[in-house]
Amino acid sequence: MISPSDYYRTIGAAAALEMKSIIDGTKPFLGPEDWKPAAFSADAPRGGVVLLPGLLQDAFARNIACLNATFAEPIDTDWVKKLPASSEGRLLAGAGHSLRWGERQDMRAIVDALVEAVRTRQGSDGYCLPYDVSFMAPQTENWTDERRNYDRVGLTRGLIAAGLSGNRDAYQILRRFYDWLYQSPYALSLLAGSFMGSAHNCNNGHEGSLLMYFSPVGTPEDLVAAERGFVQDFFIEEARKAEPLSLGFYPLHTPHSYVLLAFQAWLDHYRATGAAKYLEASLGAWKIIHDYYEHVGGTIAICEEGPGTYLPGSYLLHKHTGETCGSVFWADFNHRFLQLFPDEERYAGEIEKVILNVILACQDSVGHIRYHNHLVDRKDRLQCANTCCEVMGVPFIARLPQYLYSIAADGLYVNLFAASTITWRQAGRSVTVTTLTSFPKDGKVDLRLATTGPVTMKLRIRIPSWVVGGVDMLVNGARITTGRPGTFVLLERTWADGDRVSFELHMAFRLTRYAGADQDENGDRYALEYGPVLMALLGATGLDLAADGLLSRLMPREGRPLEFDVAGRPECTYLPYWQVQEEPFTCFPVLKGK
């Protein structure tokens, strides 16, 4: 077995060799004549979803309030001063995606004002970033180095969201900017720089040209630019082997959660070109994260430290871990998989964990967002500073409705369970499905259909892998079939207005022994989940109980869904991690009993 230090030298040499071929323009790439696109099998809705009262609607409303507050009184922090385009992108993406689910005057005002500001400053050559063009050149390691990739693509994401919301100027601004970029002397050096052979957040830059390619103003040149300037075959080969060292020892920039953006990009390249290497690498990358770098509950166990700090399976609890950005990237990586392979329940399950245990947990009552999601001691401080986790988290919350359902040619997938409605066209008719549920406070779900006439279609409903036992599916009160955990149950029929589907998802406790590097000499740490919900213990850091005796001691609190007292320990309570605010807690208490 190769040692980590030898691996780092080997992979670094391969990266340097490939970097040279990228910069000098000799790296081979797949041309348009060889593209065989792999279309999504089911698409996320771009509109038509409305959140009803519940956890997700509350998070969405807090996000709106925070967007309005920071637009009305702009924040003045180093994050804004040094990375101003990402600040614009955060507001544009948050407001733009919010508008996809219903017109709002306040969000429209943000989008229109910021798009106009960018349009006004755009030069005749197409350059539109809010600083001198010299920042596009390779520089020494410093904050402004991130302007080439992180900041540029932050604004790109925002303008794409503005375009999706109906602002057509946004697309034209981007088209002119990226046409300028491809003709500039910087196009093939965006991945490179003087710090460890690369620019800060170099993988963030990859997404820009892919966003353009899949936009209404995309051209083949966008995809070619991504292939020539950002695809890293040395890294793809390691991911195809599912080599976990390749993430913790990534040689271009500090290994951290932003490397996951390369994984996302590979799935986009697969969708655009059909090249098998991208799908194979993406599947290997999924395994690397899932098996070695995902904490119980969905946070990602790698952040910005030196190579080798985050060894595979280290799951550090006390050092720089659980970055909100990483979980956003993980959810969107899984969302791409879910659209390609909509019958694979595991992808929806990962998105569910991120929403319930990271996104809800990182946000406070006014919409501020935590940078890290600490799983022990105390939560990270809340910020409204334009941190990277706000830049990624705010748009993700604005996109929440798109993760609930997928639309296929032959019907609808129900991926996640949240009070909501979706309206779309099926076989020429307007169909609305209303999901009535208080999930995860309980597991009862009621789907009600409204249609302008009989419609034959397939309704596929996710049966989560965490469900206990089979799930009886009732249509208009009659049992039709039983769904198995870890699948999508298929209901195919001619549906009529007023039809109703009801079922109950039975949740149970699961204990997972902590296997990472932060062991405790007094006993083993255990994480507790209830269904998909990560639980936090208040009142103690450990319990004098054996693992197999804990569950029998948990007693539901009257009138407090998902909260449990520990018999014999009146000072101790388990509650959902997302409910923890400032009080001390642990998601990994030490169980000391025999």
# chains A, B, ... in the order shown; residues from 1 in each chain; ligands from 1
>>> residues_around(residues="region 565-569 of chain A", least_positions_apart="4", cutoff="6 Å", atoms="only C-alpha atoms", output="PyMOL selection string")
chain A and resi 553-555+573
>>> write_last_selection(atoms="N, CA and C atoms", output="mmCIF file, in the first residue's frame")
data_model
loop_
_atom_site.group_PDB
_atom_site.id
_atom_site.type_symbol
_atom_site.label_atom_id
_atom_site.label_comp_id
_atom_site.auth_asym_id
_atom_site.auth_seq_id
_atom_site.Cartn_x
_atom_site.Cartn_y
_atom_site.Cartn_z
ATOM 1 N N ARG A 553 -34.192 4.103 27.475
ATOM 2 C CA ARG A 553 -34.298 5.195 28.447
ATOM 3 C C ARG A 553 -34.892 6.467 27.843
ATOM 4 N N LEU A 554 -35.103 6.483 26.534
ATOM 5 C CA LEU A 554 -35.587 7.702 25.882
ATOM 6 C C LEU A 554 -37.103 7.780 25.972
ATOM 7 N N MET A 555 -37.593 8.904 26.519
ATOM 8 C CA MET A 555 -39.024 9.087 26.771
ATOM 9 C C MET A 555 -39.510 10.348 26.057
ATOM 10 N N THR A 573 -31.639 16.074 27.789
ATOM 11 C CA THR A 573 -32.688 16.017 26.762
ATOM 12 C C THR A 573 -32.037 15.816 25.400
#
>>> select_by_dssp(residues="region 262-503 of chain A", states="strand (DSSP E or B)", output="VMD selection string")
chain A and resid 294 300 323 363 369 to 370 372 376 to 377 382 to 383 405 to 408 411 to 414 420 to 426 429 to 437 444 to 451 455 to 463 471 to 475 478 to 483 487 to 495 500 to 503
>>> residues_around(residues="Arg399 (chain A)", least_positions_apart="6", cutoff="9 Å", atoms="only C-alpha atoms", output="MDAnalysis selection string")
chainID A and resid 60 94 97:98 100:101
>>> write_last_selection(atoms="N, CA and C atoms", output="tab-separated table (two decimals), in the first residue's frame")
chain	number	residue	atom	x	y	z
A	60	PHE	N	-37.37	29.42	4.33
A	60	PHE	CA	-37.46	30.23	3.12
A	60	PHE	C	-37.82	31.67	3.48
A	94	GLY	N	-29.94	34.63	-4.39
A	94	GLY	CA	-30.99	34.46	-3.39
A	94	GLY	C	-32.32	35.02	-3.87
A	97	HIS	N	-33.57	33.08	-7.39
A	97	HIS	CA	-34.17	31.77	-7.18
A	97	HIS	C	-35.48	31.87	-6.41
A	98	SER	N	-35.57	32.81	-5.49
A	98	SER	CA	-36.83	33.01	-4.75
A	98	SER	C	-37.97	33.35	-5.71
A	100	ARG	N	-38.45	32.32	-8.64
A	100	ARG	CA	-38.91	31.18	-9.44
A	100	ARG	C	-40.20	30.60	-8.88
A	101	TRP	N	-40.46	30.80	-7.60
A	101	TRP	CA	-41.60	30.16	-6.95
A	101	TRP	C	-42.77	31.11	-6.71
>>> residues_around(residues="Gly31 (chain A)", least_positions_apart="2", cutoff="10 Å", atoms="only C-alpha atoms", output="mmCIF file with C-alpha atoms, in the first residue's frame")
data_model
loop_
_atom_site.group_PDB
_atom_site.id
_atom_site.type_symbol
_atom_site.label_atom_id
_atom_site.label_comp_id
_atom_site.auth_asym_id
_atom_site.auth_seq_id
_atom_site.Cartn_x
_atom_site.Cartn_y
_atom_site.Cartn_z
ATOM 1 C CA PRO A 28 -6.469 16.903 -25.494
ATOM 2 C CA PHE A 29 -10.192 17.509 -25.206
ATOM 3 C CA GLU A 33 -18.345 16.187 -33.048
ATOM 4 C CA ASP A 34 -17.845 13.513 -30.373
ATOM 5 C CA TRP A 35 -20.493 14.672 -27.916
ATOM 6 C CA PRO A 220 -20.347 24.921 -27.729
ATOM 7 C CA GLU A 221 -17.423 27.222 -26.919
ATOM 8 C CA LEU A 223 -18.154 23.512 -22.955
ATOM 9 C CA VAL A 224 -14.910 23.449 -24.920
ATOM 10 C CA GLU A 227 -12.855 20.903 -21.155
ATOM 11 C CA THR A 273 -20.884 14.823 -23.733
#
>>> closest_residue(among="A:Glu305, A:Asp112, A:Glu18, A:Asp377", to="Gln581 (chain A)", atoms="only C-alpha atoms")
A:Asp377
>>> closest_residue(among="A:Trp495, A:Ile11, A:Thr156, A:Leu30", to="Phe234 (chain A)", atoms="only C-alpha atoms")
A:Ile11
>>> closest_residue(among="A:Ile288, A:Ile23, A:Leu404, A:Ala72", to="Pro185 (chain A)", atoms="only C-alpha atoms")
A:Ile23
>>> atom_distance(atom1="CA of Ala385 (chain A)", atom2="CA of Thr77 (chain A)")
5.9 Å
>>> select_by_dssp(residues="region 500-590 of chain A", states="alpha helix (DSSP H)", output="list in words")
Ala547, Asp548, Gly549 and Leu550 of chain A
>>> closest_residue(among="A:Ala427, A:Leu543, A:Leu436, A:Leu181", to="Lys458 (chain A)", atoms="only C-alpha atoms")
A:Ala427
>>> closest_atom_pairs(of="region 478-519 of chain A", to="region 315-326 of chain A", cutoff="8 Å", atoms="only C-alpha atoms", output="CSV")
residue,atom,partner,partner_atom,distance
A:Ala515,CA,A:Tyr315,CA,7.8
A:Gly516,CA,A:Tyr315,CA,4.8
A:Ala517,CA,A:Leu316,CA,6.1
A:Asp518,CA,A:Leu316,CA,6.1
>>> write_last_selection(atoms="C-alpha atoms", output="PDB file, in the first residue's frame")
ATOM      1  CA  ALA A 515     -15.104   5.609  14.284  1.00  0.00           C
ATOM      2  CA  GLY A 516     -13.070   8.776  13.671  1.00  0.00           C
ATOM      3  CA  ALA A 517      -9.847  10.180  15.087  1.00  0.00           C
ATOM      4  CA  ASP A 518     -11.331  12.106  18.053  1.00  0.00           C
TER       5      ASP A 518
END
>>> atom_distance(atom1="CA of Phe396 (chain A)", atom2="CA of Ile369 (chain A)")
11.8 Å
>>> closest_residue(among="A:Glu563, A:Glu243, A:Glu350, A:Glu238", to="Gln579 (chain A)", atoms="only C-alpha atoms")
A:Glu563
>>> residues_around(residues="Leu252 (chain A)", least_positions_apart="3", cutoff="12 Å", atoms="only C-alpha atoms", output="JSON, numbers by chain")
{"A": [8, 11, 12, 13, 14, 15, 16, 18, 19, 191, 192, 193, 194, 195, 196, 197, 198, 199, 200, 201, 202, 203, 230, 232, 234, 235, 246, 247, 248, 249, 255, 256, 258, 259, 262, 306, 307]}
>>> write_last_selection(atoms="N, CA and C atoms", output="mmCIF file, in the first residue's frame")
data_model
loop_
_atom_site.group_PDB
_atom_site.id
_atom_site.type_symbol
_atom_site.label_atom_id
_atom_site.label_comp_id
_atom_site.auth_asym_id
_atom_site.auth_seq_id
_atom_site.Cartn_x
_atom_site.Cartn_y
_atom_site.Cartn_z
ATOM 1 N N TYR A 8 1.074 11.681 -2.114
ATOM 2 C CA TYR A 8 1.005 13.118 -2.375
ATOM 3 C C TYR A 8 2.045 13.524 -3.421
ATOM 4 N N ILE A 11 0.767 12.036 -6.906
ATOM 5 C CA ILE A 11 -0.370 12.744 -7.494
ATOM 6 C C ILE A 11 0.016 14.183 -7.832
ATOM 7 N N GLY A 12 0.903 14.771 -7.032
ATOM 8 C CA GLY A 12 1.364 16.123 -7.319
ATOM 9 C C GLY A 12 2.136 16.200 -8.625
ATOM 10 N N ALA A 13 2.959 15.208 -8.889
ATOM 11 C CA ALA A 13 3.718 15.185 -10.140
ATOM 12 C C ALA A 13 2.782 15.054 -11.334
ATOM 13 N N ALA A 14 1.760 14.209 -11.201
ATOM 14 C CA ALA A 14 0.792 14.051 -12.288
ATOM 15 C C ALA A 14 0.019 15.343 -12.512
ATOM 16 N N ALA A 15 -0.327 16.028 -11.419
ATOM 17 C CA ALA A 15 -1.060 17.294 -11.534
ATOM 18 C C ALA A 15 -0.219 18.353 -12.221
ATOM 19 N N ALA A 16 1.069 18.439 -11.861
ATOM 20 C CA ALA A 16 1.952 19.448 -12.455
ATOM 21 C C ALA A 16 2.112 19.217 -13.949
ATOM 22 N N GLU A 18 -0.014 17.732 -15.964
ATOM 23 C CA GLU A 18 -1.251 18.084 -16.660
ATOM 24 C C GLU A 18 -1.479 19.587 -16.653
ATOM 25 N N MET A 19 -1.111 20.258 -15.569
ATOM 26 C CA MET A 19 -1.279 21.703 -15.507
ATOM 27 C C MET A 19 -0.490 22.378 -16.625
ATOM 28 N N LEU A 191 -7.050 27.884 -13.819
ATOM 29 C CA LEU A 191 -6.811 26.811 -12.867
ATOM 30 C C LEU A 191 -5.441 26.942 -12.209
ATOM 31 N N ALA A 192 -4.578 27.730 -12.811
ATOM 32 C CA ALA A 192 -3.184 27.815 -12.355
ATOM 33 C C ALA A 192 -2.903 29.113 -11.626
ATOM 34 N N GLY A 193 -1.828 29.125 -10.866
ATOM 35 C CA GLY A 193 -1.400 30.309 -10.132
ATOM 36 C C GLY A 193 -0.078 29.999 -9.471
ATOM 37 N N SER A 194 0.374 30.869 -8.612
ATOM 38 C CA SER A 194 1.695 30.676 -8.030
ATOM 39 C C SER A 194 1.652 30.003 -6.664
ATOM 40 N N PHE A 195 0.455 29.859 -6.066
ATOM 41 C CA PHE A 195 0.350 29.251 -4.739
ATOM 42 C C PHE A 195 0.086 27.758 -4.881
ATOM 43 N N MET A 196 1.076 26.922 -4.578
ATOM 44 C CA MET A 196 0.964 25.462 -4.679
ATOM 45 C C MET A 196 0.535 25.049 -6.094
ATOM 46 N N GLY A 197 0.916 25.857 -7.090
ATOM 47 C CA GLY A 197 0.603 25.495 -8.459
ATOM 48 C C GLY A 197 -0.804 25.817 -8.888
ATOM 49 N N SER A 198 -1.579 26.508 -8.057
ATOM 50 C CA SER A 198 -2.968 26.767 -8.459
ATOM 51 C C SER A 198 -3.485 28.041 -7.827
ATOM 52 N N ALA A 199 -4.639 28.454 -8.285
ATOM 53 C CA ALA A 199 -5.316 29.601 -7.693
ATOM 54 C C ALA A 199 -6.200 29.143 -6.549
ATOM 55 N N HIS A 200 -6.480 30.062 -5.628
ATOM 56 C CA HIS A 200 -7.421 29.759 -4.554
ATOM 57 C C HIS A 200 -8.761 29.338 -5.141
ATOM 58 N N ASN A 201 -9.362 28.311 -4.545
ATOM 59 C CA ASN A 201 -10.671 27.843 -4.977
ATOM 60 C C ASN A 201 -10.729 27.622 -6.487
ATOM 61 N N CYS A 202 -9.651 27.021 -7.013
ATOM 62 C CA CYS A 202 -9.567 26.867 -8.464
ATOM 63 C C CYS A 202 -10.722 26.058 -9.027
ATOM 64 N N ASN A 203 -11.202 25.037 -8.295
ATOM 65 C CA ASN A 203 -12.291 24.214 -8.817
ATOM 66 C C ASN A 203 -13.598 24.981 -8.896
ATOM 67 N N PHE A 230 -10.233 23.326 -17.380
ATOM 68 C CA PHE A 230 -10.507 22.911 -16.009
ATOM 69 C C PHE A 230 -10.543 21.403 -15.772
ATOM 70 N N GLN A 232 -9.433 17.898 -15.084
ATOM 71 C CA GLN A 232 -8.172 17.375 -14.546
ATOM 72 C C GLN A 232 -8.208 15.853 -14.622
ATOM 73 N N PHE A 234 -5.884 13.649 -14.241
ATOM 74 C CA PHE A 234 -5.187 12.925 -13.173
ATOM 75 C C PHE A 234 -6.143 12.683 -12.002
ATOM 76 N N PHE A 235 -6.989 13.665 -11.719
ATOM 77 C CA PHE A 235 -7.930 13.578 -10.607
ATOM 78 C C PHE A 235 -9.094 12.651 -10.960
ATOM 79 N N SER A 246 -7.188 10.733 -2.649
ATOM 80 C CA SER A 246 -7.164 11.784 -3.674
ATOM 81 C C SER A 246 -7.849 13.061 -3.212
ATOM 82 N N LEU A 247 -8.795 12.965 -2.260
ATOM 83 C CA LEU A 247 -9.443 14.168 -1.750
ATOM 84 C C LEU A 247 -8.610 14.804 -0.648
ATOM 85 N N GLY A 248 -8.198 14.034 0.338
ATOM 86 C CA GLY A 248 -7.421 14.587 1.439
ATOM 87 C C GLY A 248 -6.037 15.070 1.047
ATOM 88 N N PHE A 249 -5.543 14.630 -0.117
ATOM 89 C CA PHE A 249 -4.224 15.045 -0.600
ATOM 90 C C PHE A 249 -4.317 15.721 -1.967
ATOM 91 N N PRO A 255 -6.572 21.039 0.066
ATOM 92 C CA PRO A 255 -7.711 20.120 -0.015
ATOM 93 C C PRO A 255 -8.825 20.584 0.916
ATOM 94 N N HIS A 256 -10.011 20.773 0.400
ATOM 95 C CA HIS A 256 -11.134 21.137 1.260
ATOM 96 C C HIS A 256 -12.443 20.930 0.502
ATOM 97 N N TYR A 258 -14.352 22.620 -1.244
ATOM 98 C CA TYR A 258 -14.559 23.180 -2.579
ATOM 99 C C TYR A 258 -14.092 22.249 -3.691
ATOM 100 N N VAL A 259 -13.308 21.236 -3.345
ATOM 101 C CA VAL A 259 -12.932 20.243 -4.344
ATOM 102 C C VAL A 259 -14.170 19.490 -4.834
ATOM 103 N N ALA A 262 -15.474 20.084 -8.328
ATOM 104 C CA ALA A 262 -14.969 19.321 -9.476
ATOM 105 C C ALA A 262 -15.854 18.105 -9.724
ATOM 106 N N GLY A 306 -3.875 21.874 5.842
ATOM 107 C CA GLY A 306 -2.858 21.334 4.955
ATOM 108 C C GLY A 306 -3.158 19.922 4.493
ATOM 109 N N PRO A 307 -2.506 19.491 3.398
ATOM 110 C CA PRO A 307 -2.697 18.125 2.902
ATOM 111 C C PRO A 307 -2.399 17.106 4.002
#
>>> residues_around(residues="region 471-480 of chain A", least_positions_apart="6", cutoff="9 Å", atoms="only C-alpha atoms", output="mmCIF file with C-alpha atoms, in the first residue's frame")
data_model
loop_
_atom_site.group_PDB
_atom_site.id
_atom_site.type_symbol
_atom_site.label_atom_id
_atom_site.label_comp_id
_atom_site.auth_asym_id
_atom_site.auth_seq_id
_atom_site.Cartn_x
_atom_site.Cartn_y
_atom_site.Cartn_z
ATOM 1 C CA ILE A 463 -39.857 5.166 0.589
ATOM 2 C CA VAL A 489 -43.016 2.900 -4.991
ATOM 3 C CA LEU A 491 -48.519 4.062 -8.547
ATOM 4 C CA GLY A 498 -59.801 14.772 -6.042
ATOM 5 C CA ASP A 499 -57.832 11.509 -5.888
ATOM 6 C CA ARG A 500 -55.895 11.055 -2.680
ATOM 7 C CA VAL A 501 -52.798 9.043 -1.711
ATOM 8 C CA SER A 502 -51.981 8.555 1.955
ATOM 9 C CA PHE A 503 -49.311 6.657 3.858
ATOM 10 C CA GLU A 504 -47.218 6.785 7.014
ATOM 11 C CA LEU A 505 -43.428 6.645 7.298
ATOM 12 C CA HIS A 506 -42.505 4.932 10.547
#
>>> residues_around(residues="Arg62 (chain A)", least_positions_apart="3", cutoff="7 Å", atoms="only C-alpha atoms", output="list in words")
Asp58, Ala59, Ala65, Cys66, Ser365, Val366 and Gly367 of chain A
>>> closest_residue(among="A:Ile289, A:Leu416, A:Ala361, A:Leu245", to="Phe263 (chain A)", atoms="only C-alpha atoms")
A:Ile289
>>> atom_distance(atom1="CA of Ser86 (chain A)", atom2="CA of Glu352 (chain A)")
26.8 Å
